[in-house]
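Novice: Sharing final23.txt below, compact mmCIF, C-alpha atoms and all ligand atoms:
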```
# COMPACT_ATOMS: atom_id res chain seq x y z
CA MET B 8 -15.12 25.63 -16.10
CA SER B 9 -16.14 25.77 -19.77
CA GLU B 10 -17.64 22.77 -21.49
CA ALA B 11 -14.60 22.46 -23.74
CA SER B 12 -12.16 22.20 -20.83
CA CYS B 13 -14.41 19.62 -19.17
CA GLN B 14 -14.21 17.49 -22.29
CA ARG B 15 -10.44 17.73 -22.32
CA ARG B 16 -10.08 16.76 -18.69
CA PRO B 17 -8.46 13.31 -18.71
CA TYR B 18 -10.08 10.36 -16.99
CA ARG B 19 -8.50 9.55 -13.66
CA ARG B 20 -8.48 6.09 -12.10
CA PRO B 21 -9.28 5.28 -8.50
CA VAL B 22 -6.17 4.04 -6.71
CA VAL B 23 -5.53 1.53 -3.96
CA PHE B 24 -2.26 1.89 -2.08
CA LEU B 25 -1.18 -1.46 -0.70
CA ASP B 26 1.13 -2.17 2.20
CA ARG B 27 3.43 -5.15 1.61
CA ASP B 28 4.27 -7.27 4.69
CA GLY B 29 1.19 -8.62 6.47
CA THR B 30 -1.07 -7.31 3.73
CA LEU B 31 0.09 -8.95 0.47
CA ASN B 32 2.69 -11.37 1.85
CA VAL B 33 3.05 -13.26 5.11
CA GLU B 34 4.46 -11.10 7.94
CA VAL B 35 7.70 -12.77 9.06
CA GLY B 36 9.81 -9.79 10.13
CA TYR B 37 12.89 -8.88 8.13
CA ILE B 38 13.23 -11.14 5.09
CA TYR B 39 16.87 -12.02 4.35
CA ASP B 40 16.25 -14.71 1.72
CA VAL B 41 13.97 -13.67 -1.14
CA ASN B 42 12.53 -17.20 -1.18
CA ASP B 43 11.08 -16.53 2.28
CA LEU B 44 8.70 -13.96 0.83
CA VAL B 45 5.41 -15.86 0.56
CA LEU B 46 2.15 -14.41 -0.75
CA LEU B 47 -0.93 -14.47 1.44
CA PRO B 48 -3.48 -16.82 -0.15
CA GLU B 49 -5.86 -14.06 -1.26
CA ALA B 50 -3.24 -11.60 -2.56
CA ALA B 51 -3.16 -12.46 -6.26
CA GLN B 52 -6.93 -12.69 -6.55
CA ALA B 53 -7.26 -9.32 -4.81
CA VAL B 54 -4.78 -7.54 -7.09
CA THR B 55 -6.35 -9.17 -10.15
CA ALA B 56 -9.74 -7.84 -9.02
CA LEU B 57 -8.25 -4.32 -8.86
CA ASN B 58 -6.73 -4.75 -12.34
CA LYS B 59 -10.05 -5.91 -13.79
CA ALA B 60 -12.03 -3.12 -12.12
CA GLY B 61 -9.70 -0.48 -13.58
CA LEU B 62 -8.24 0.62 -10.25
CA ALA B 63 -4.54 1.35 -9.93
CA ALA B 64 -2.67 -0.92 -7.48
CA VAL B 65 0.36 0.80 -5.95
CA LEU B 66 2.66 -0.72 -3.34
CA VAL B 67 3.85 1.57 -0.52
CA THR B 68 6.14 -0.09 2.01
CA ASN B 69 8.51 0.84 4.84
CA GLN B 70 11.68 -1.23 4.50
CA SER B 71 14.22 -0.01 7.05
CA GLY B 72 16.59 -2.98 6.54
CA PRO B 73 19.11 -0.82 4.61
CA ALA B 74 19.09 1.88 7.33
CA ARG B 75 19.63 -0.74 10.03
CA GLY B 76 22.50 -2.34 8.10
CA PHE B 77 20.64 -5.64 7.71
CA TYR B 78 20.97 -5.71 3.90
CA PRO B 79 21.58 -3.37 0.98
CA GLU B 80 18.87 -1.39 -0.76
CA SER B 81 19.24 -3.71 -3.77
CA HIS B 82 17.83 -6.51 -1.58
CA VAL B 83 14.66 -4.48 -0.98
CA ARG B 84 14.27 -4.15 -4.74
CA ALA B 85 14.86 -7.91 -5.14
CA LEU B 86 12.15 -8.65 -2.56
CA ASN B 87 9.73 -6.32 -4.30
CA GLN B 88 10.59 -7.94 -7.63
CA ARG B 89 9.91 -11.36 -6.10
CA LEU B 90 6.51 -10.09 -4.88
CA ALA B 91 5.66 -8.71 -8.32
CA SER B 92 6.77 -11.97 -10.00
CA LEU B 93 4.70 -14.16 -7.68
CA LEU B 94 1.68 -11.96 -8.41
CA ALA B 95 2.38 -11.98 -12.15
CA GLU B 96 2.49 -15.80 -12.15
CA GLN B 97 -1.18 -15.61 -11.18
CA GLY B 98 -2.00 -12.84 -13.67
CA ALA B 99 -1.96 -9.97 -11.16
CA ARG B 100 -0.17 -6.68 -11.88
CA LEU B 101 1.06 -3.91 -9.58
CA ASP B 102 1.06 -0.53 -11.34
CA ALA B 103 3.98 0.80 -9.29
CA LEU B 104 6.08 -0.10 -6.26
CA TYR B 105 7.42 2.49 -3.81
CA TYR B 106 9.49 1.87 -0.68
CA CYS B 107 11.17 3.84 2.08
CA PRO B 108 14.64 2.47 3.00
CA HIS B 109 15.20 5.03 5.80
CA HIS B 110 15.04 5.05 9.57
CA ALA B 111 15.99 7.99 11.78
CA GLN B 112 17.68 5.69 14.32
CA GLY B 113 19.44 3.57 11.70
CA SER B 114 23.14 2.72 11.77
CA VAL B 115 23.95 3.35 8.10
CA PRO B 116 24.48 7.12 7.72
CA GLU B 117 23.20 7.27 4.13
CA TYR B 118 19.78 6.00 5.27
CA ALA B 119 19.69 7.14 8.90
CA ILE B 120 17.69 10.27 8.23
CA LYS B 121 14.37 11.66 9.31
CA CYS B 122 12.85 11.36 5.86
CA THR B 123 9.48 12.40 4.51
CA CYS B 124 8.65 8.99 3.04
CA ARG B 125 8.57 6.62 6.02
CA LYS B 126 4.93 5.82 6.73
CA PRO B 127 2.94 7.44 8.32
CA ALA B 128 4.63 10.32 6.50
CA THR B 129 3.05 10.77 3.09
CA GLY B 130 6.10 10.94 0.81
CA LEU B 131 5.51 7.64 -1.00
CA ILE B 132 1.89 8.48 -1.76
CA GLU B 133 2.78 11.99 -2.87
CA ARG B 134 5.42 10.53 -5.21
CA ALA B 135 2.80 8.23 -6.71
CA PHE B 136 0.39 11.10 -7.32
CA ALA B 137 3.20 13.12 -8.90
CA GLU B 138 4.56 10.32 -11.11
CA LEU B 139 1.37 8.48 -12.09
CA GLU B 140 -0.71 11.24 -13.60
CA ASP B 141 -3.97 9.33 -14.02
CA LEU B 142 -4.70 8.74 -10.32
CA ASP B 143 -7.88 10.14 -8.79
CA ARG B 144 -7.02 11.52 -5.37
CA SER B 145 -10.70 11.79 -4.45
CA ARG B 146 -11.06 8.02 -4.92
CA ALA B 147 -7.92 6.81 -3.15
CA TYR B 148 -7.60 4.09 -0.50
CA MET B 149 -4.79 2.84 1.71
CA VAL B 150 -4.86 -0.81 2.83
CA GLY B 151 -2.51 -2.06 5.53
CA ASP B 152 -2.07 -4.04 8.74
CA GLN B 153 -0.45 -1.48 11.03
CA SER B 154 -1.52 1.69 12.82
CA THR B 155 0.98 3.57 10.66
CA ASP B 156 -0.88 2.53 7.51
CA ILE B 157 -4.15 3.96 8.81
CA GLU B 158 -2.39 7.09 10.06
CA LEU B 159 -0.77 7.48 6.64
CA ALA B 160 -4.22 7.44 5.05
CA ARG B 161 -5.41 10.13 7.45
CA ASN B 162 -2.28 12.25 6.86
CA ALA B 163 -2.79 11.98 3.08
CA GLY B 164 -6.53 12.64 3.31
CA ILE B 165 -7.53 9.33 1.71
CA ASN B 166 -9.70 6.38 2.80
CA ALA B 167 -8.29 3.81 5.22
CA VAL B 168 -8.81 0.04 5.31
CA MET B 169 -7.29 -2.24 7.94
CA VAL B 170 -6.74 -5.94 7.21
CA ASN B 171 -6.94 -8.50 9.99
CA THR B 172 -3.89 -10.32 8.60
CA GLY B 173 -0.32 -9.58 9.68
CA PHE B 174 -0.45 -7.28 12.72
CA GLY B 175 -3.99 -6.12 11.95
CA ARG B 176 -5.85 -8.18 14.49
CA ALA B 177 -3.39 -7.27 17.27
CA VAL B 178 -3.67 -3.58 16.40
CA MET B 179 -7.46 -3.62 16.41
CA SER B 180 -7.60 -5.47 19.75
CA GLY B 181 -5.23 -2.94 21.32
CA GLU B 182 -2.34 -5.36 21.88
CA PHE B 183 0.03 -3.78 19.34
CA GLN B 184 0.88 -0.19 18.42
CA TRP B 185 -2.04 2.17 18.99
CA LYS B 186 -5.77 2.28 18.41
CA VAL B 187 -6.90 3.55 15.03
CA ASP B 188 -10.28 4.08 13.41
CA PRO B 189 -10.21 2.83 9.81
CA ASP B 190 -13.16 3.26 7.44
CA TYR B 191 -13.39 -0.52 7.17
CA VAL B 192 -11.81 -3.52 8.87
CA ALA B 193 -11.37 -6.37 6.38
CA ALA B 194 -10.71 -10.04 7.05
CA ASN B 195 -7.95 -9.99 4.45
CA ILE B 196 -6.79 -8.19 1.31
CA LEU B 197 -9.46 -9.74 -0.90
CA ASP B 198 -12.23 -8.66 1.49
CA ALA B 199 -10.63 -5.19 1.53
CA VAL B 200 -10.57 -4.95 -2.27
CA ARG B 201 -14.16 -6.13 -2.61
CA TRP B 202 -15.29 -3.50 -0.09
CA ILE B 203 -13.33 -0.78 -1.93
CA ILE B 204 -14.79 -1.69 -5.32
CA ALA B 205 -18.28 -1.67 -3.81
CA ASP B 206 -17.58 1.65 -2.05
CA ILE B 207 -16.54 3.25 -5.35
CA GLY B 208 -19.72 1.88 -6.93
CA ARG B 209 -21.81 3.37 -4.12
CA ALA B 210 -20.12 6.76 -4.47
CA GLY B 211 -20.66 6.66 -8.24
CA ARG B 212 -24.39 6.01 -7.81
CA ASP B 213 -24.70 8.77 -5.20
CA ALA B 214 -22.93 11.31 -7.43
MG MG I 1 2.52 -4.36 7.04
ZN ZN I 2 12.07 7.40 3.73
```
When written as structure tokens, how does the structure in this file appear?
Specialist:
Amino acid sequence: MSEASCQRRPYRRPVVFLDRDGTLNVEVGYIYDVNDLVLLPEAAQAVTALNKAGLAAVLVTNQSGPARGFYPESHVRALNQRLASLLAEQGARLDALYYCPHHAQGSVPEYAIKCTCRKPATGLIERAFAELEDLDRSRAYMVGDQSTDIELARNAGINAVMVNTGFGRAVMSGEFQWKVDPDYVAANILDAVRWIIADIGRAGRDA
């Protein structure tokens, strides 16, 4: 590559993909009342730390409620808006929010499809890389509390962090879903974010 084209190459930000339930907010199963969506205590501080460090924070969440006929897709958007508002009240900003409303065994035909966006399929992450042009795929992390989150990271070829909130502890002890091997197991989302920021710093120094 010529020097001139190097100079024109735009700066790309590291990105942290964040699961929603059990990672940013308390895992309580399907949430029918938006007021029942409650942030985990460390969530706003964690997202603020990403904002301040110049990392993109992108939500990627499976929400099969519409496919199962539990509530309309607009309710998923309302829940995500509630999450973003609760974070914003504490000065924390999500750069983008992506969700999958599908489930292959759902009862609502429109959503009962074998899609390419339900985690651990990579559709949501691929959409983010396509739509947000300043993301650095070589410095990308997925943080979540389920085996599917870690498997998503592996399928997308990015780093994987498990949190011990939500289902995380049960997954890591072998009581729930299946065993996975994340790059780091964090106590919670703030611990995860601190490890990621340090990991990026380490990689920068090694480069
Ligand atoms: Mg989760
Ligand atoms: Zn989907």
Novice: Show me, as an mmCIF file with C-alpha atoms, in the frame of the given file, the residues that have an atom within 9 Å of Arg144 of chain B when counting all atoms listed in the file, minus same-chain residues fewer than 5 positions from it.
Specialist:
```
data_model
loop_
_atom_site.group_PDB
_atom_site.id
_atom_site.type_symbol
_atom_site.label_atom_id
_atom_site.label_comp_id
_atom_site.auth_asym_id
_atom_site.auth_seq_id
_atom_site.Cartn_x
_atom_site.Cartn_y
_atom_site.Cartn_z
ATOM 1 C CA ARG B 19 -8.500 9.550 -13.660
ATOM 2 C CA ARG B 20 -8.480 6.090 -12.100
ATOM 3 C CA PRO B 21 -9.280 5.280 -8.500
ATOM 4 C CA VAL B 22 -6.170 4.040 -6.710
ATOM 5 C CA PHE B 136 0.390 11.100 -7.320
ATOM 6 C CA GLY B 164 -6.530 12.640 3.310
ATOM 7 C CA ILE B 165 -7.530 9.330 1.710
#
```
Novice: Just checking: using all atoms listed in the file, which residue out of B:Ala74, B:Val83, B:Val192, B:Leu62 ends up closest to His109 of chain B?
Specialist: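 Closest residue, counting all atoms listed in the file: B:Ala74.
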Novice: Around ligand ZN 2 (chain I), at most 7 Å away and counting all atoms listed in the file, which residues are there? Put them as a ChimeraX atom specification, please.
Specialist: /B:107-110,122-125
Novice: Within 8 Å of (-2.1, 1.6, 2.4) (file coordinates; all atoms listed in the file), which protein or nucleic acid residues are there? I'd like them as a CSV table (one decimal) with C-alpha atoms, in the frame of the given file.
Specialist:
```csv
chain,number,residue,atom,x,y,z
B,23,VAL,CA,-5.5,1.5,-4.0
B,24,PHE,CA,-2.3,1.9,-2.1
B,25,LEU,CA,-1.2,-1.5,-0.7
B,26,ASP,CA,1.1,-2.2,2.2
B,66,LEU,CA,2.7,-0.7,-3.3
B,67,VAL,CA,3.8,1.6,-0.5
B,148,TYR,CA,-7.6,4.1,-0.5
B,149,MET,CA,-4.8,2.8,1.7
B,150,VAL,CA,-4.9,-0.8,2.8
B,151,GLY,CA,-2.5,-2.1,5.5
B,156,ASP,CA,-0.9,2.5,7.5
B,157,ILE,CA,-4.2,4.0,8.8
B,159,LEU,CA,-0.8,7.5,6.6
B,160,ALA,CA,-4.2,7.4,5.0
B,167,ALA,CA,-8.3,3.8,5.2
B,168,VAL,CA,-8.8,0.0,5.3
```
Novice: For Gly61 of chain B, which residue among B:Leu31, B:Leu142, B:Ala163, B:Ala194 is the nearest when counting all atoms listed in the file?
Specialist: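 Result for the nearest residue to Gly61 of chain B: B:Leu142.
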Novice: If we count only C-alpha atoms, what is near Arg176 of chain B at a cut-off of 12 Å, once residues fewer than 5 positions away on the same chain are taken out, given as a compact mmCIF listing (two decimals) with C-alpha atoms, in the frame of the given file?
Specialist:
```
# COMPACT_ATOMS: atom_id res chain seq x y z
CA GLY B 29 1.19 -8.62 6.47
CA THR B 30 -1.07 -7.31 3.73
CA GLY B 151 -2.51 -2.06 5.53
CA ASP B 152 -2.07 -4.04 8.74
CA GLN B 153 -0.45 -1.48 11.03
CA SER B 154 -1.52 1.69 12.82
CA MET B 169 -7.29 -2.24 7.94
CA VAL B 170 -6.74 -5.94 7.21
CA ASN B 171 -6.94 -8.50 9.99
CA GLY B 181 -5.23 -2.94 21.32
CA GLU B 182 -2.34 -5.36 21.88
CA PHE B 183 0.03 -3.78 19.34
CA GLN B 184 0.88 -0.19 18.42
CA TRP B 185 -2.04 2.17 18.99
CA LYS B 186 -5.77 2.28 18.41
CA VAL B 187 -6.90 3.55 15.03
CA VAL B 192 -11.81 -3.52 8.87
CA ALA B 193 -11.37 -6.37 6.38
CA ALA B 194 -10.71 -10.04 7.05
CA ASN B 195 -7.95 -9.99 4.45
```
Novice: Got a sec: who's within 7 Å of segment 36-46 of chain B, counting all atoms listed in the file, leaving out chain neighbours fewer than 3 positions off, as a VMD selection string?
Specialist: chain B and resid 31 to 33 50 86 89
Novice: Ranking B:His82, B:Arg27, B:Arg134, B:Arg161 by minimum distance to ligand MG 1 (chain I) and counting only C-alpha atoms and all ligand atoms, which one comes first?
Specialist: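 Of B:His82, B:Arg27, B:Arg134, B:Arg161, the one nearest ligand MG 1 (chain I) is B:Arg27, counting only C-alpha atoms and all ligand atoms.
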Novice: Looking at B:Ser145, B:Ser180, B:Thr129, B:Thr172, which one is nearest to Glu34 of chain B, with distances taken over all atoms listed in the file?
Specialist: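 Checking each candidate against Glu34 of chain B, we get B:Thr172 as the closest.
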Novice: When distances are computed from all atoms listed in the file, which of B:Glu158, B:Asp188, B:Asp213, B:Asp198 shows the smallest separation from Leu57 of chain B?
Specialist: B:Asp198
Novice: With all atoms listed in the file as the basis for distance, which of B:Leu104, B:Asn166, B:Lys121, B:Val178 is at the shortest distance from ligand MG 1 (chain I)?
Specialist: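 Of B:Leu104, B:Asn166, B:Lys121, B:Val178, the one nearest ligand MG 1 (chain I), counting all atoms listed in the file, is B:Val178.
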Novice: By how many Å are atom CA of Ala210 of chain B and atom CA of Ile132 of chain B apart?
Specialist: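 That distance, rounded to one decimal, is 22.2 Å.
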Novice: Draw an axis-aligned box over all listed atoms of segment 183-198 of chain B, pad each side with 6 Å, and write its centre and edge lengths in Å, one decimal, as JSON.
Specialist:
```
{"center_x": -6.3, "center_y": -3.0, "center_z": 9.2, "size_x": 26.3, "size_y": 26.1, "size_z": 32.2}
```
